[in-house]
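Here is the structure we will look at.
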Amino acid sequence: MEMEIVEKITNGDRRAAAKLITLVENNFSQAQDILKKIYNYTGNALVIGITGPPGSGKSTVTDKITKILRGQGKTVGIIAIDPTSPFTGGALLGDRIRMQDLSLDKGVFIRSMSTRGHLGGLSQATQATVKILDALGKDVIFIETVGVGQSEVDIVKVADTVVLISMPGMGDDIQIIKAGIMEIGDIFVINKADKEGYERLATEIEMMLDLNQNKRWRPPVLKTIATDNVGIKELLKEINRHIEYLKESGELEQRRRESVKKEMFDLIQEQWKEILSTFIDNGFLNKIVTKIVKREEDPYTAVEKLSNILVHSYTKGGVKSDRKD
Amino acid sequence: MEGKKIRVLIAKPGLDGHDRGAKVVARALRDAGMEVIYTGLRQTPEQIVETAIQEDVDVIGLSILSGAHTHLFPKVMELLKENNVEDIIVIGGGVIPEEDIPELKKVGVAEIFTPGTDTRDIIKFIEQKVK
């Protein structure tokens, strides 16, 4: 069954890929059996992160670059992430509005995803979806993230190149893209550059970049008016130049190693969470909770004890140390 | 991270530019905890079906006010069949005369919600159908 799905996806079956992405989102542990078999078919795609504040034009820029790439015969996957409402769990995913002409192009696969309570961070589901689109044969994969919060910092660990898009006239311009986010951009784009305030924003970004430690790659600051296709070719040229730099400097391998590390860490966390919740039956946990509420024990000591018990029983019962590699 | 979410594609085929109704429904479904993919105006049936496949939606909601419903609905149903995704539930809304509804249901449209429908009824309908 699993092999059949893998075969379909590697043969370019869009429906099989779409179904697997849904499974990844709804039931990750079940999807893992297929993901294990897909992994061998991945690693060929170039992954580009597109991020920036809401309304800066991420979807439009993605749409325009995709069209150029298609003209060059490259296939494209797009993962468009929008926030889940923390109140209702629902989401309105509207990135496709700016990519309407792409929907009939069989060389483009677009998937809208919501963050589903990952506090704005890139979820395991996103990382798995990158692999699925990679196995589907897409040459370039764009991850378009919500312009706020943790996802910006996470995207760096998944993408080969990060394009940070901003726009003039958002009040205190630099405010939106400072704190941690400035450091992640490999390429800076000021979109809607025909608006007032472009010069000032460009100068501010350049000044912040002057403080950067990396002497080998100075992020370029580009000017685009995406709706009119202005500056898009130059952006693609800079993306290619950055990829070349990554390859030559050895940073590409380094980044991909970091990405694997990060993913393993995430997976381990999730798996242990699951083990924890199945291991600690409610009665046992409730007893401890009662003690803590009555101030007979503090939560820190309780968790320390609990961890010891877990590690003990797990190493005795299950973990095999027969790996020779 | 686990748990199924109902995914709905809200699309606006045809040439008229009135998407207020579609937006109200999209918003209501989102507030009911669903993931709503909104594609904007003037979608062709081909675009709608391809989007539905890639997004793996459970439901397609079509808003039509142009009077072209007797053409657009059958076309979407036909394309769903062609692509082997006829398990996707199709519902419709907009200005659709009562006397046309039986015809649309005959080609496989699950339900038509005419102006004045309580959005809660749409939500209830989807939740029952998808489960």
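Residue numbers start at 1 in each chain; chains themselves are named A, B, ... in the order of the structure tokens; ligands are numbered from 1 in the order shown.
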Set the distance at 10 Å and use only C-alpha atoms: which residues neighbour Met99 (chain A) once local chain neighbours fewer than 3 positions away are removed? I'd like the list as a ChimeraX atom specification. /A:59-64,66-67,94-96,102-103,110 /B:39-40
Polymer residues at most 12 Å from Gly116 (chain B), only C-alpha atoms, same-chain spacing of 6 or more positions, as a PyMOL selection string: chain B and resi 21+24-25+93-95+122
With C-alpha atoms retained, could you export that selection as a short mmCIF file (atom, residue, chain, number, x, y, z; two decimals), in the first residue's frame?
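And here's part-v6.cif as it stands now:
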```cif
data_model
loop_
_atom_site.label_atom_id
_atom_site.label_comp_id
_atom_site.auth_asym_id
_atom_site.auth_seq_id
_atom_site.Cartn_x
_atom_site.Cartn_y
_atom_site.Cartn_z
CA GLY B 21 -21.84 36.45 -0.29
CA VAL B 24 -19.57 35.99 4.29
CA VAL B 25 -19.86 32.22 3.92
CA GLY B 93 -25.26 29.56 -3.32
CA GLY B 94 -26.27 32.80 -4.93
CA VAL B 95 -29.16 33.92 -7.03
CA ILE B 122 -24.67 25.68 5.88
#
```
Fewer than 5 positions away in the same chain doesn't count, so skip those; otherwise give me all residues within 12 Å of Thr203 (chain A), counting only C-alpha atoms, as a PyMOL selection string. chain A and resi 168+173-174+190+197-198+208-210+221-222
Those residues with N, CA and C atoms, as a PDB file, in the first residue's frame please?
```
ATOM      1  N   PRO A 168       7.512  50.000   1.757  1.00  0.00           N
ATOM      2  CA  PRO A 168       7.552  51.300   2.413  1.00  0.00           C
ATOM      3  C   PRO A 168       6.183  51.701   2.953  1.00  0.00           C
ATOM      4  N   ASP A 173       8.842  51.857   9.683  1.00  0.00           N
ATOM      5  CA  ASP A 173       9.163  50.811   8.721  1.00  0.00           C
ATOM      6  C   ASP A 173       9.947  49.639   9.279  1.00  0.00           C
ATOM      7  N   ILE A 174      11.050  49.967   9.886  1.00  0.00           N
ATOM      8  CA  ILE A 174      11.995  48.920  10.248  1.00  0.00           C
ATOM      9  C   ILE A 174      11.489  48.087  11.424  1.00  0.00           C
ATOM     10  N   ILE A 190      12.427  45.193  -1.307  1.00  0.00           N
ATOM     11  CA  ILE A 190      11.457  46.221  -0.958  1.00  0.00           C
ATOM     12  C   ILE A 190      10.448  46.253  -2.094  1.00  0.00           C
ATOM     13  N   GLY A 197       8.587  56.677   0.622  1.00  0.00           N
ATOM     14  CA  GLY A 197       9.287  56.111   1.771  1.00  0.00           C
ATOM     15  C   GLY A 197      10.270  55.029   1.369  1.00  0.00           C
ATOM     16  N   TYR A 198      10.346  54.741   0.070  1.00  0.00           N
ATOM     17  CA  TYR A 198      11.250  53.689  -0.391  1.00  0.00           C
ATOM     18  C   TYR A 198      12.700  53.985  -0.030  1.00  0.00           C
ATOM     19  N   MET A 208      21.431  48.584   8.641  1.00  0.00           N
ATOM     20  CA  MET A 208      21.396  47.426   9.535  1.00  0.00           C
ATOM     21  C   MET A 208      22.291  46.311   9.009  1.00  0.00           C
ATOM     22  N   LEU A 209      22.324  46.183   7.681  1.00  0.00           N
ATOM     23  CA  LEU A 209      23.154  45.134   7.088  1.00  0.00           C
ATOM     24  C   LEU A 209      24.641  45.417   7.286  1.00  0.00           C
ATOM     25  N   ASP A 210      24.975  46.697   7.425  1.00  0.00           N
ATOM     26  CA  ASP A 210      26.375  47.060   7.670  1.00  0.00           C
ATOM     27  C   ASP A 210      26.892  46.428   8.955  1.00  0.00           C
ATOM     28  N   VAL A 221      19.887  44.339  -1.417  1.00  0.00           N
ATOM     29  CA  VAL A 221      18.580  44.957  -1.164  1.00  0.00           C
ATOM     30  C   VAL A 221      17.987  45.336  -2.516  1.00  0.00           C
ATOM     31  N   LEU A 222      16.909  44.674  -2.877  1.00  0.00           N
ATOM     32  CA  LEU A 222      16.344  44.857  -4.209  1.00  0.00           C
ATOM     33  C   LEU A 222      15.040  45.640  -4.171  1.00  0.00           C
TER      34      LEU A 222
END
```
Find the residues in chain A near chain B: any atom within 10 Å counts, using only C-alpha atoms. Write them as a PDB file with N, CA and C atoms, in the first residue's frame.
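Generated file (part-v2.pdb):
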```pdb
ATOM      1  N   ARG A  14      -0.664  14.075  -8.824  1.00  0.00           N
ATOM      2  CA  ARG A  14      -0.954  15.213  -7.944  1.00  0.00           C
ATOM      3  C   ARG A  14      -1.948  14.858  -6.859  1.00  0.00           C
ATOM      4  N   ARG A  15      -2.888  13.999  -7.225  1.00  0.00           N
ATOM      5  CA  ARG A  15      -3.916  13.661  -6.262  1.00  0.00           C
ATOM      6  C   ARG A  15      -3.338  12.852  -5.089  1.00  0.00           C
ATOM      7  N   ALA A  16      -2.457  11.909  -5.424  1.00  0.00           N
ATOM      8  CA  ALA A  16      -1.837  11.095  -4.375  1.00  0.00           C
ATOM      9  C   ALA A  16      -1.014  11.989  -3.446  1.00  0.00           C
ATOM     10  N   ALA A  17      -0.311  12.960  -4.038  1.00  0.00           N
ATOM     11  CA  ALA A  17       0.485  13.883  -3.225  1.00  0.00           C
ATOM     12  C   ALA A  17      -0.420  14.706  -2.315  1.00  0.00           C
ATOM     13  N   ALA A  18      -1.522  15.204  -2.876  1.00  0.00           N
ATOM     14  CA  ALA A  18      -2.448  16.023  -2.091  1.00  0.00           C
ATOM     15  C   ALA A  18      -3.030  15.238  -0.925  1.00  0.00           C
ATOM     16  N   LYS A  19      -3.367  13.972  -1.186  1.00  0.00           N
ATOM     17  CA  LYS A  19      -3.937  13.117  -0.132  1.00  0.00           C
ATOM     18  C   LYS A  19      -2.912  12.860   0.976  1.00  0.00           C
ATOM     19  N   LEU A  20      -1.666  12.659   0.561  1.00  0.00           N
ATOM     20  CA  LEU A  20      -0.635  12.383   1.568  1.00  0.00           C
ATOM     21  C   LEU A  20      -0.395  13.625   2.440  1.00  0.00           C
ATOM     22  N   ILE A  21      -0.446  14.802   1.826  1.00  0.00           N
ATOM     23  CA  ILE A  21      -0.279  16.030   2.616  1.00  0.00           C
ATOM     24  C   ILE A  21      -1.399  16.128   3.659  1.00  0.00           C
ATOM     25  N   THR A  22      -2.604  15.782   3.253  1.00  0.00           N
ATOM     26  CA  THR A  22      -3.717  15.795   4.201  1.00  0.00           C
ATOM     27  C   THR A  22      -3.464  14.813   5.346  1.00  0.00           C
ATOM     28  N   LEU A  23      -2.977  13.630   5.005  1.00  0.00           N
ATOM     29  CA  LEU A  23      -2.696  12.626   6.039  1.00  0.00           C
ATOM     30  C   LEU A  23      -1.620  13.143   7.002  1.00  0.00           C
ATOM     31  N   VAL A  24      -0.613  13.803   6.438  1.00  0.00           N
ATOM     32  CA  VAL A  24       0.458  14.371   7.245  1.00  0.00           C
ATOM     33  C   VAL A  24      -0.120  15.379   8.251  1.00  0.00           C
ATOM     34  N   GLU A  25      -1.095  16.151   7.775  1.00  0.00           N
ATOM     35  CA  GLU A  25      -1.692  17.168   8.642  1.00  0.00           C
ATOM     36  C   GLU A  25      -2.616  16.550   9.699  1.00  0.00           C
ATOM     37  N   ASN A  26      -3.323  15.510   9.312  1.00  0.00           N
ATOM     38  CA  ASN A  26      -4.336  14.963  10.218  1.00  0.00           C
ATOM     39  C   ASN A  26      -3.810  13.869  11.138  1.00  0.00           C
ATOM     40  N   ASN A  27      -2.896  13.080  10.635  1.00  0.00           N
ATOM     41  CA  ASN A  27      -2.430  11.941  11.427  1.00  0.00           C
ATOM     42  C   ASN A  27      -0.976  11.640  11.084  1.00  0.00           C
ATOM     43  N   PHE A  28      -0.081  12.376  11.724  1.00  0.00           N
ATOM     44  CA  PHE A  28       1.320  12.337  11.347  1.00  0.00           C
ATOM     45  C   PHE A  28       1.936  10.950  11.515  1.00  0.00           C
ATOM     46  N   SER A  29       1.587  10.277  12.612  1.00  0.00           N
ATOM     47  CA  SER A  29       2.238   8.987  12.863  1.00  0.00           C
ATOM     48  C   SER A  29       1.873   7.977  11.774  1.00  0.00           C
ATOM     49  N   THR A  84      -3.790  29.927  11.650  1.00  0.00           N
ATOM     50  CA  THR A  84      -5.018  29.346  12.184  1.00  0.00           C
ATOM     51  C   THR A  84      -5.529  30.275  13.276  1.00  0.00           C
ATOM     52  N   SER A  85      -6.822  30.463  13.326  1.00  0.00           N
ATOM     53  CA  SER A  85      -7.378  31.271  14.411  1.00  0.00           C
ATOM     54  C   SER A  85      -7.211  30.534  15.730  1.00  0.00           C
ATOM     55  N   PRO A  86      -6.589  31.181  16.707  1.00  0.00           N
ATOM     56  CA  PRO A  86      -6.402  30.514  17.987  1.00  0.00           C
ATOM     57  C   PRO A  86      -7.728  30.325  18.725  1.00  0.00           C
ATOM     58  N   PHE A  87      -8.759  31.019  18.282  1.00  0.00           N
ATOM     59  CA  PHE A  87     -10.039  30.945  18.988  1.00  0.00           C
ATOM     60  C   PHE A  87     -10.933  29.841  18.457  1.00  0.00           C
ATOM     61  N   THR A  88     -10.971  29.695  17.132  1.00  0.00           N
ATOM     62  CA  THR A  88     -11.912  28.730  16.560  1.00  0.00           C
ATOM     63  C   THR A  88     -11.207  27.538  15.925  1.00  0.00           C
ATOM     64  N   GLY A  89      -9.913  27.649  15.682  1.00  0.00           N
ATOM     65  CA  GLY A  89      -9.200  26.559  15.004  1.00  0.00           C
ATOM     66  C   GLY A  89      -9.384  26.602  13.500  1.00  0.00           C
ATOM     67  N   GLY A  90     -10.188  27.521  13.021  1.00  0.00           N
ATOM     68  CA  GLY A  90     -10.421  27.628  11.583  1.00  0.00           C
ATOM     69  C   GLY A  90      -9.389  28.530  10.927  1.00  0.00           C
ATOM     70  N   ALA A  91      -9.413  28.565   9.603  1.00  0.00           N
ATOM     71  CA  ALA A  91      -8.462  29.418   8.887  1.00  0.00           C
ATOM     72  C   ALA A  91      -9.042  29.829   7.549  1.00  0.00           C
ATOM     73  N   LEU A  92      -8.687  31.021   7.137  1.00  0.00           N
ATOM     74  CA  LEU A  92      -9.068  31.477   5.808  1.00  0.00           C
ATOM     75  C   LEU A  92      -7.778  31.573   4.997  1.00  0.00           C
ATOM     76  N   LEU A  93      -7.673  30.730   3.978  1.00  0.00           N
ATOM     77  CA  LEU A  93      -6.429  30.640   3.236  1.00  0.00           C
ATOM     78  C   LEU A  93      -6.615  31.314   1.880  1.00  0.00           C
ATOM     79  N   GLY A  94      -6.033  32.487   1.728  1.00  0.00           N
ATOM     80  CA  GLY A  94      -6.348  33.294   0.551  1.00  0.00           C
ATOM     81  C   GLY A  94      -5.184  33.588  -0.381  1.00  0.00           C
ATOM     82  N   ASP A  95      -4.074  32.882  -0.191  1.00  0.00           N
ATOM     83  CA  ASP A  95      -2.901  33.202  -1.014  1.00  0.00           C
ATOM     84  C   ASP A  95      -3.105  32.892  -2.489  1.00  0.00           C
ATOM     85  N   ARG A  96      -4.029  31.999  -2.761  1.00  0.00           N
ATOM     86  CA  ARG A  96      -4.261  31.603  -4.154  1.00  0.00           C
ATOM     87  C   ARG A  96      -4.857  32.728  -4.996  1.00  0.00           C
ATOM     88  N   ILE A  97      -5.468  33.683  -4.321  1.00  0.00           N
ATOM     89  CA  ILE A  97      -6.090  34.791  -5.048  1.00  0.00           C
ATOM     90  C   ILE A  97      -5.066  35.456  -5.958  1.00  0.00           C
ATOM     91  N   ARG A  98      -3.826  35.563  -5.481  1.00  0.00           N
ATOM     92  CA  ARG A  98      -2.784  36.223  -6.270  1.00  0.00           C
ATOM     93  C   ARG A  98      -2.086  35.276  -7.239  1.00  0.00           C
ATOM     94  N   MET A  99      -2.519  34.024  -7.242  1.00  0.00           N
ATOM     95  CA  MET A  99      -1.822  33.046  -8.094  1.00  0.00           C
ATOM     96  C   MET A  99      -2.794  32.352  -9.028  1.00  0.00           C
ATOM     97  N   GLN A 100      -3.861  33.037  -9.368  1.00  0.00           N
ATOM     98  CA  GLN A 100      -4.931  32.397 -10.143  1.00  0.00           C
ATOM     99  C   GLN A 100      -4.471  31.763 -11.457  1.00  0.00           C
ATOM    100  N   ASP A 101      -3.586  32.471 -12.168  1.00  0.00           N
ATOM    101  CA  ASP A 101      -3.194  31.939 -13.481  1.00  0.00           C
ATOM    102  C   ASP A 101      -2.360  30.667 -13.365  1.00  0.00           C
ATOM    103  N   LEU A 102      -1.855  30.399 -12.176  1.00  0.00           N
ATOM    104  CA  LEU A 102      -0.995  29.222 -12.037  1.00  0.00           C
ATOM    105  C   LEU A 102      -1.803  27.948 -11.856  1.00  0.00           C
ATOM    106  N   SER A 103      -3.107  28.103 -11.543  1.00  0.00           N
ATOM    107  CA  SER A 103      -3.850  26.922 -11.103  1.00  0.00           C
ATOM    108  C   SER A 103      -4.061  25.894 -12.218  1.00  0.00           C
ATOM    109  N   LEU A 104      -3.945  26.308 -13.453  1.00  0.00           N
ATOM    110  CA  LEU A 104      -4.149  25.326 -14.523  1.00  0.00           C
ATOM    111  C   LEU A 104      -2.839  24.789 -15.087  1.00  0.00           C
ATOM    112  N   ASP A 105      -1.736  25.289 -14.583  1.00  0.00           N
ATOM    113  CA  ASP A 105      -0.427  24.860 -15.055  1.00  0.00           C
ATOM    114  C   ASP A 105      -0.048  23.569 -14.342  1.00  0.00           C
ATOM    115  N   LYS A 106       0.049  22.496 -15.105  1.00  0.00           N
ATOM    116  CA  LYS A 106       0.327  21.187 -14.490  1.00  0.00           C
ATOM    117  C   LYS A 106       1.742  21.106 -13.904  1.00  0.00           C
ATOM    118  N   VAL A 108       2.881  23.253 -11.888  1.00  0.00           N
ATOM    119  CA  VAL A 108       2.866  23.982 -10.610  1.00  0.00           C
ATOM    120  C   VAL A 108       1.897  23.298  -9.661  1.00  0.00           C
ATOM    121  N   PHE A 109       2.330  23.078  -8.442  1.00  0.00           N
ATOM    122  CA  PHE A 109       1.445  22.506  -7.428  1.00  0.00           C
ATOM    123  C   PHE A 109       1.415  23.462  -6.248  1.00  0.00           C
ATOM    124  N   ILE A 110       0.219  23.932  -5.925  1.00  0.00           N
ATOM    125  CA  ILE A 110       0.087  24.881  -4.815  1.00  0.00           C
ATOM    126  C   ILE A 110      -0.703  24.233  -3.688  1.00  0.00           C
ATOM    127  N   ARG A 111      -0.206  24.354  -2.487  1.00  0.00           N
ATOM    128  CA  ARG A 111      -0.960  23.851  -1.347  1.00  0.00           C
ATOM    129  C   ARG A 111      -1.025  24.932  -0.275  1.00  0.00           C
ATOM    130  N   SER A 112      -2.246  25.257   0.137  1.00  0.00           N
ATOM    131  CA  SER A 112      -2.442  26.210   1.225  1.00  0.00           C
ATOM    132  C   SER A 112      -2.487  25.445   2.532  1.00  0.00           C
ATOM    133  N   MET A 113      -1.768  25.941   3.513  1.00  0.00           N
ATOM    134  CA  MET A 113      -1.760  25.267   4.815  1.00  0.00           C
ATOM    135  C   MET A 113      -2.007  26.287   5.908  1.00  0.00           C
ATOM    136  N   SER A 114      -2.601  25.826   6.986  1.00  0.00           N
ATOM    137  CA  SER A 114      -2.731  26.726   8.130  1.00  0.00           C
ATOM    138  C   SER A 114      -1.764  26.257   9.208  1.00  0.00           C
ATOM    139  N   THR A 115      -1.447  27.161  10.110  1.00  0.00           N
ATOM    140  CA  THR A 115      -0.415  26.843  11.104  1.00  0.00           C
ATOM    141  C   THR A 115      -0.881  25.819  12.137  1.00  0.00           C
ATOM    142  N   ARG A 116      -2.195  25.670  12.260  1.00  0.00           N
ATOM    143  CA  ARG A 116      -2.789  24.683  13.173  1.00  0.00           C
ATOM    144  C   ARG A 116      -2.149  24.670  14.555  1.00  0.00           C
ATOM    145  N   GLY A 117      -2.083  25.817  15.159  1.00  0.00           N
ATOM    146  CA  GLY A 117      -1.659  25.857  16.550  1.00  0.00           C
ATOM    147  C   GLY A 117      -0.188  25.635  16.791  1.00  0.00           C
ATOM    148  N   HIS A 118       0.622  25.811  15.771  1.00  0.00           N
ATOM    149  CA  HIS A 118       2.054  25.685  16.003  1.00  0.00           C
ATOM    150  C   HIS A 118       2.677  27.021  16.396  1.00  0.00           C
ATOM    151  N   SER A 123       5.492  23.931  11.035  1.00  0.00           N
ATOM    152  CA  SER A 123       5.137  22.665  11.637  1.00  0.00           C
ATOM    153  C   SER A 123       5.878  21.511  10.965  1.00  0.00           C
ATOM    154  N   GLN A 124       5.844  20.388  11.622  1.00  0.00           N
ATOM    155  CA  GLN A 124       6.351  19.154  11.024  1.00  0.00           C
ATOM    156  C   GLN A 124       5.680  18.913   9.701  1.00  0.00           C
ATOM    157  N   ALA A 125       4.393  19.271   9.665  1.00  0.00           N
ATOM    158  CA  ALA A 125       3.619  19.052   8.440  1.00  0.00           C
ATOM    159  C   ALA A 125       4.226  19.828   7.274  1.00  0.00           C
ATOM    160  N   GLU A 270       8.108  15.575  19.657  1.00  0.00           N
ATOM    161  CA  GLU A 270       6.738  15.116  19.423  1.00  0.00           C
ATOM    162  C   GLU A 270       6.559  13.681  19.893  1.00  0.00           C
TER     163      GLU A 270
END
```
Please extract the residues of region 4-204 of chain A with a backbone DSSP assignment of helix (DSSP H, G or I) and present them as a PyMOL selection string. chain A and resi 4-10+14-26+28-41+58-71+95-104+124-135+151-158+173-177+182-184+198-204
DSSP on the backbone: which residues in region 32-116 of chain B end up as strand (DSSP E or B)? Give the answer as a VMD selection string. chain B and resid 35 to 38 43 59 to 64 89 to 94 111 to 113
Excluding same-chain residues fewer than 6 positions from region 136-139 of chain A, what lies within 7 Å of it counting only C-alpha atoms, as a ChimeraX atom specification? /A:9-12,45-46,74-77
Any chance you can output those residues with N, CA and C atoms as a short mmCIF file (atom, residue, chain, number, x, y, z; two decimals), in the first residue's frame?
```
data_model
loop_
_atom_site.label_atom_id
_atom_site.label_comp_id
_atom_site.auth_asym_id
_atom_site.auth_seq_id
_atom_site.Cartn_x
_atom_site.Cartn_y
_atom_site.Cartn_z
N ILE A 9 3.31 9.04 -6.36
CA ILE A 9 3.82 10.41 -6.15
C ILE A 9 5.08 10.64 -6.98
N THR A 10 5.98 9.69 -6.97
CA THR A 10 7.21 9.89 -7.73
C THR A 10 6.93 9.89 -9.24
N ASN A 11 5.78 9.35 -9.61
CA ASN A 11 5.38 9.43 -11.02
C ASN A 11 4.58 10.69 -11.33
N GLY A 12 4.47 11.56 -10.32
CA GLY A 12 3.83 12.85 -10.59
C GLY A 12 2.33 12.90 -10.37
N ALA A 45 15.16 19.16 -4.83
CA ALA A 45 14.55 20.48 -5.04
C ALA A 45 15.31 21.57 -4.30
N LEU A 46 15.19 22.75 -4.87
CA LEU A 46 15.72 23.93 -4.23
C LEU A 46 14.60 24.53 -3.39
N LYS A 74 11.24 24.96 -15.64
CA LYS A 74 11.35 24.37 -14.29
C LYS A 74 9.96 24.17 -13.68
N THR A 75 9.80 23.10 -12.92
CA THR A 75 8.53 22.89 -12.24
C THR A 75 8.60 23.47 -10.83
N VAL A 76 7.44 23.85 -10.32
CA VAL A 76 7.43 24.61 -9.07
C VAL A 76 6.37 24.07 -8.10
N GLY A 77 6.74 24.00 -6.83
CA GLY A 77 5.78 23.70 -5.77
C GLY A 77 5.68 24.90 -4.85
#
```
Within 12 Å of Gln128 (chain B), counting only C-alpha atoms, which residues show up once you throw out same-chain ones fewer than 2 positions away? Write them as a ChimeraX atom specification, please. /B:6,58-59,89,110,121-126,130-131
Distance in Å - CA of Ala193 (chain A) versus CA of His242 (chain A):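 Computing it gives 22.4 Å between the two atoms.
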Quick one: distance from CA of Lys36 (chain A) to CA of Ser259 (chain A) in Å, one decimal?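 Separation of CA of Lys36 (chain A) and CA of Ser259 (chain A): 17.0 Å.
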From the set B:Asp100, B:Ile88, B:Asp19, B:Lys106, which residue has the shortest atom-to-atom contact distance to Ala68 (chain B), counting only C-alpha atoms?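 Result for the nearest residue to Ala68 (chain B): B:Asp100.
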Report, in Å to a single decimal, how far apart CA of Ile79 (chain A) and CA of Asp87 (chain B) are.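 A separation of 24.4 Å between them.
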Ile232 (chain A): which residues within 7 Å, counting only C-alpha atoms, same-chain residues fewer than 4 positions away excluded, as a ChimeraX atom specification? /A:64-65,224,226,236
Expected file: the selected residues, N, CA and C atoms, as a PDB file, in the first residue's frame:
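Listing of selection.pdb after writing:
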```
ATOM      1  N   LYS A  64       4.960  35.791  -9.592  1.00  0.00           N
ATOM      2  CA  LYS A  64       5.739  36.308 -10.729  1.00  0.00           C
ATOM      3  C   LYS A  64       7.031  35.519 -10.943  1.00  0.00           C
ATOM      4  N   ILE A  65       7.715  35.166  -9.860  1.00  0.00           N
ATOM      5  CA  ILE A  65       8.948  34.380 -10.051  1.00  0.00           C
ATOM      6  C   ILE A  65       8.597  33.026 -10.648  1.00  0.00           C
ATOM      7  N   THR A 224      11.365  46.078  -6.003  1.00  0.00           N
ATOM      8  CA  THR A 224      10.399  45.469  -6.916  1.00  0.00           C
ATOM      9  C   THR A 224       9.054  46.199  -6.880  1.00  0.00           C
ATOM     10  N   ALA A 226       5.962  44.261  -7.748  1.00  0.00           N
ATOM     11  CA  ALA A 226       5.621  42.910  -8.221  1.00  0.00           C
ATOM     12  C   ALA A 226       4.411  42.905  -9.140  1.00  0.00           C
ATOM     13  N   LEU A 236      15.283  36.926  -9.215  1.00  0.00           N
ATOM     14  CA  LEU A 236      15.623  35.543  -9.537  1.00  0.00           C
ATOM     15  C   LEU A 236      17.133  35.396  -9.751  1.00  0.00           C
TER      16      LEU A 236
END
```
Using only C-alpha atoms, pick whichever of B:Pro97, B:Gly14, B:Pro115, B:Gly92 has the shortest atom-to-atom distance to Met77 (chain B). B:Gly92
